[in-house]
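In what follows, a structure is listed as C-alpha cells, so that the remarks can point back to it.
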Amino acid sequence: MHSRINPLIYVRNKAQKKINDEEIKRMVAAVQRQVTEDFQPVWGTGAQLVFAERKEDVPVHAYQIVIYETAKDAEDKDFLGYHYSPEGYPVANIFLDADIQEDKSISDTLSHEVLEMIVDPSCNLYAYRPSDVGRPERIYFYEVCDAGHCKHYEIDCVSVCDFVYPEWFENNWKQGSRKFDHGGYLDHPFHVLKECYADVFEARRGSFTIWGKETAEETQKKKRSRHRFDARKEKMSFSDIGKLPNPQD
C-alpha cells in the first residue's frame with residue numbers, strides 16, 4: 001500500500017552516455033536500504049524506490065527523480081531542479097556533470113533528495129525557533145540533509161548523505177541531550193555544520209540561507225547545489241527582504 005507515509009519514488013536515468021543503468025540501480029538499492037533501515041525508524045515514514053527504464057513505466061501517482069547530463073533551463077543551471085507533475089507530485093532533477101564536478105559521485109545527491117522528498121514533498125513545512133538573547137525568532141524549513149550534507153557514510157560501498165532527526169527541529173532539547181542526526185555530528189537543535197547550510201525565514205530579512213560557523217565566503221558562493229530553495233519560496237510566496245549580508249548560524 002503506497003501512501004503519503006510510504007510513497008513510490010521512481011528514478012530514471014537520462015544520462016546513459018555518461019553513467020549506465022546498472023550503476024544507478026546499485027545506488028537506488030543502497031538508498032533503499034538507507035530509507036528502510038536508518039531513516040524510517042526515526043522519522044516514521046519510508047518509501048519504495050523503483051528504477052524505471054522508460055517514462056511510460058512511471059505511474060502518475062509516483063514521485064520522480066530524473067538524472068540528466070546537464071541542466072537545459074538556465075534557471076536550473078548548477079542547481080537541482082525541483083518541480084511538480086501535472087498531477088501535483090514532486091519531480092526532482094539531478095544534473096550529472098555539475099554533481100560529478102563537485103562531489104565525484106551522484107549517490108550523495110540521490111540520497112539527499114530522496115530523504116528530503118519523503119519528509120516534505122510539497123516544500124511547505126517548517127519549524128519555528130523562538131527568539132533568545134542575541135538572536136531573532138526564525139523559521140527553519142524542513143530540509144533534513146542540508147545541516148549535515150557535508151557528512152556521508154557508506155551502504156554496500158555506495159556513499160549516502162547524513163540526515164537530521166526530528167529532534168533537530170525541536171527547540172526544547174538541551175545541547176548534547178540526545179542524537180540530532182544519524183552520524184552524531186550535530187549536538188543541538190538547529191545546529192549547522194561548517195560548510196553546511198540551512199534555508200530560513202525571518203520577518204525582517206525575508207528568506208535566505210545561513211551557513212555553519214567558519215564557512216569560507218567562497219564556499220558559500222559555490223556550494224548551492226541540491227537546493228529546493230526557489231521551489232519553496234514560490235510555493236510559500238516568500239520573498240527576499242532587504243539587501244543585508246547573509247549571517248552564519
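Ordering of the C-alpha cells sets the chain letters (A, B, ...), residue numbers begin anew at 1 in every chain, and ligands are numbered from 1 in the order given.
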
Practice task
Step one, run DSSP on the backbone; step two, keep only residues of stretch 91-178 of chain A assigned to alpha helix (DSSP H); then write them as a PyMOL selection string.
Solution key: chain A and resi 96-103+107-119

Since we have the selection now, will you write its residues out, keeping N, CA and C atoms, as a short mmCIF file (atom, residue, chain, number, x, y, z; two decimals), in the first residue's frame?
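Result written to selection.cif:
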data_model
loop_
_atom_site.label_atom_id
_atom_site.label_comp_id
_atom_site.auth_asym_id
_atom_site.auth_seq_id
_atom_site.Cartn_x
_atom_site.Cartn_y
_atom_site.Cartn_z
N LEU A 96 24.10 15.51 -13.70
CA LEU A 96 25.28 14.69 -13.50
C LEU A 96 26.58 15.47 -13.58
N ASP A 97 26.77 16.26 -14.63
CA ASP A 97 28.05 16.94 -14.84
C ASP A 97 28.40 17.85 -13.66
N ALA A 98 27.45 18.65 -13.22
CA ALA A 98 27.71 19.57 -12.11
C ALA A 98 27.97 18.81 -10.82
N ASP A 99 27.25 17.72 -10.62
CA ASP A 99 27.38 16.96 -9.38
C ASP A 99 28.70 16.20 -9.33
N ILE A 100 29.09 15.61 -10.44
CA ILE A 100 30.36 14.88 -10.50
C ILE A 100 31.52 15.84 -10.26
N GLN A 101 31.43 17.03 -10.83
CA GLN A 101 32.49 18.02 -10.66
C GLN A 101 32.67 18.41 -9.20
N GLU A 102 31.58 18.46 -8.45
CA GLU A 102 31.65 18.89 -7.05
C GLU A 102 31.94 17.73 -6.11
N ASP A 103 31.23 16.60 -6.30
CA ASP A 103 31.28 15.52 -5.32
C ASP A 103 31.86 14.21 -5.84
N SER A 107 25.62 9.72 -5.94
CA SER A 107 24.89 8.92 -4.95
C SER A 107 24.52 9.75 -3.72
N ASP A 108 25.40 10.66 -3.28
CA ASP A 108 25.07 11.52 -2.15
C ASP A 108 23.86 12.39 -2.47
N THR A 109 23.83 12.92 -3.69
CA THR A 109 22.72 13.76 -4.10
C THR A 109 21.43 12.96 -4.18
N LEU A 110 21.51 11.76 -4.72
CA LEU A 110 20.34 10.91 -4.80
C LEU A 110 19.78 10.64 -3.40
N SER A 111 20.66 10.27 -2.49
CA SER A 111 20.26 10.04 -1.09
C SER A 111 19.63 11.29 -0.50
N HIS A 112 20.31 12.41 -0.66
CA HIS A 112 19.87 13.71 -0.13
C HIS A 112 18.45 14.03 -0.58
N GLU A 113 18.22 13.94 -1.88
CA GLU A 113 16.93 14.36 -2.41
C GLU A 113 15.83 13.36 -2.13
N VAL A 114 16.13 12.08 -2.08
CA VAL A 114 15.12 11.09 -1.71
C VAL A 114 14.61 11.37 -0.30
N LEU A 115 15.53 11.57 0.65
CA LEU A 115 15.12 11.77 2.05
C LEU A 115 14.32 13.05 2.23
N GLU A 116 14.73 14.12 1.56
CA GLU A 116 14.00 15.38 1.70
C GLU A 116 12.65 15.33 1.00
N MET A 117 12.58 14.59 -0.10
CA MET A 117 11.32 14.42 -0.81
C MET A 117 10.32 13.63 0.03
N ILE A 118 10.81 12.65 0.78
CA ILE A 118 9.93 11.85 1.64
C ILE A 118 9.30 12.72 2.72
N VAL A 119 10.11 13.55 3.38
CA VAL A 119 9.62 14.33 4.52
C VAL A 119 8.74 15.50 4.10
#

Problem - Residue list (strand (DSSP E or B), DSSP) for stretch 35-234 of chain A, as JSON, numbers by chain - result: {"A": [48, 49, 50, 51, 52, 63, 64, 65, 66, 67, 68, 81, 82, 83, 84, 90, 91, 92, 93, 94, 95, 126, 127, 128, 129, 132, 135, 138, 139, 140, 141, 152, 153, 154, 155, 158, 159, 160, 161, 164, 181, 197, 198, 199, 200, 201, 202, 206, 207, 208, 209, 210, 211]}

Go ahead and save the picked residues with C-alpha atoms, as a PDB file, in the first residue's frame.
ATOM      1  CA  GLN A  48       9.644   2.316  -2.091  1.00  0.00           C
ATOM      2  CA  LEU A  49      12.310   3.205  -4.645  1.00  0.00           C
ATOM      3  CA  VAL A  50      11.975   1.802  -8.158  1.00  0.00           C
ATOM      4  CA  PHE A  51      14.282   2.175 -11.161  1.00  0.00           C
ATOM      5  CA  ALA A  52      12.338   2.899 -14.368  1.00  0.00           C
ATOM      6  CA  TYR A  63       7.279  10.836  -7.069  1.00  0.00           C
ATOM      7  CA  GLN A  64      10.157  11.057  -9.549  1.00  0.00           C
ATOM      8  CA  ILE A  65      13.886  11.725  -9.639  1.00  0.00           C
ATOM      9  CA  VAL A  66      15.379  12.132 -13.109  1.00  0.00           C
ATOM     10  CA  ILE A  67      19.125  12.145 -13.790  1.00  0.00           C
ATOM     11  CA  TYR A  68      20.283  14.348 -16.689  1.00  0.00           C
ATOM     12  CA  GLY A  81      15.701  21.445 -10.267  1.00  0.00           C
ATOM     13  CA  TYR A  82      12.571  20.750  -8.238  1.00  0.00           C
ATOM     14  CA  HIS A  83       9.194  20.841  -9.940  1.00  0.00           C
ATOM     15  CA  TYR A  84       5.770  19.193  -9.885  1.00  0.00           C
ATOM     16  CA  PRO A  90       7.184  16.153  -6.970  1.00  0.00           C
ATOM     17  CA  VAL A  91       9.797  15.697  -9.705  1.00  0.00           C
ATOM     18  CA  ALA A  92      13.459  16.334  -8.836  1.00  0.00           C
ATOM     19  CA  ASN A  93      16.209  16.634 -11.444  1.00  0.00           C
ATOM     20  CA  ILE A  94      19.835  15.706 -10.771  1.00  0.00           C
ATOM     21  CA  PHE A  95      22.431  17.141 -13.157  1.00  0.00           C
ATOM     22  CA  TYR A 126       8.831  24.416   8.570  1.00  0.00           C
ATOM     23  CA  ALA A 127       9.812  24.599  12.248  1.00  0.00           C
ATOM     24  CA  TYR A 128       9.706  27.677  14.474  1.00  0.00           C
ATOM     25  CA  ARG A 129      12.711  28.737  16.555  1.00  0.00           C
ATOM     26  CA  ASP A 132      16.506  34.437  22.598  1.00  0.00           C
ATOM     27  CA  ARG A 135      19.124  36.010  18.220  1.00  0.00           C
ATOM     28  CA  ARG A 138      13.297  32.330  12.855  1.00  0.00           C
ATOM     29  CA  ILE A 139      11.610  29.711  10.682  1.00  0.00           C
ATOM     30  CA  TYR A 140      13.699  26.726   9.557  1.00  0.00           C
ATOM     31  CA  PHE A 141      12.420  24.883   6.522  1.00  0.00           C
ATOM     32  CA  HIS A 152      28.397  10.898   4.424  1.00  0.00           C
ATOM     33  CA  TYR A 153      28.517   7.201   5.177  1.00  0.00           C
ATOM     34  CA  GLU A 154      28.559   4.066   3.042  1.00  0.00           C
ATOM     35  CA  ILE A 155      25.998   1.356   2.414  1.00  0.00           C
ATOM     36  CA  VAL A 158      27.739   3.455  -2.019  1.00  0.00           C
ATOM     37  CA  SER A 159      28.087   6.865  -0.351  1.00  0.00           C
ATOM     38  CA  VAL A 160      24.861   8.259   1.145  1.00  0.00           C
ATOM     39  CA  CYS A 161      24.127  11.528   2.936  1.00  0.00           C
ATOM     40  CA  VAL A 164      18.929  15.099  10.851  1.00  0.00           C
ATOM     41  CA  ASP A 181      21.417  13.418  13.306  1.00  0.00           C
ATOM     42  CA  TYR A 197      23.684  25.290   5.380  1.00  0.00           C
ATOM     43  CA  ALA A 198      20.012  25.767   6.235  1.00  0.00           C
ATOM     44  CA  ASP A 199      17.286  27.715   4.457  1.00  0.00           C
ATOM     45  CA  VAL A 200      15.413  30.016   6.837  1.00  0.00           C
ATOM     46  CA  PHE A 201      12.975  32.902   7.048  1.00  0.00           C
ATOM     47  CA  GLU A 202      12.966  35.939   9.350  1.00  0.00           C
ATOM     48  CA  GLY A 206      12.885  37.506   4.481  1.00  0.00           C
ATOM     49  CA  SER A 207      14.115  34.128   3.216  1.00  0.00           C
ATOM     50  CA  PHE A 208      17.835  33.385   2.935  1.00  0.00           C
ATOM     51  CA  THR A 209      20.478  30.726   3.513  1.00  0.00           C
ATOM     52  CA  ILE A 210      22.584  30.519   6.658  1.00  0.00           C
ATOM     53  CA  TRP A 211      25.929  28.713   6.797  1.00  0.00           C
TER      54      TRP A 211
END

Problem - Neighbour list for stretch 169-176 of chain A as an MDAnalysis selection string, cut-off 6 Å, only C-alpha atoms, skip fewer than 6 positions in-chain - result: chainID A and resid 127 187:189

Handout entry: One-decimal distance in Å that lies between atom CA of A:Thr215 and atom CA of A:Glu195
Key = 5.0 Å

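Picture a line from atom CA of A:Pro59 to atom CA of A:Ala30; it runs 22.5 Å.
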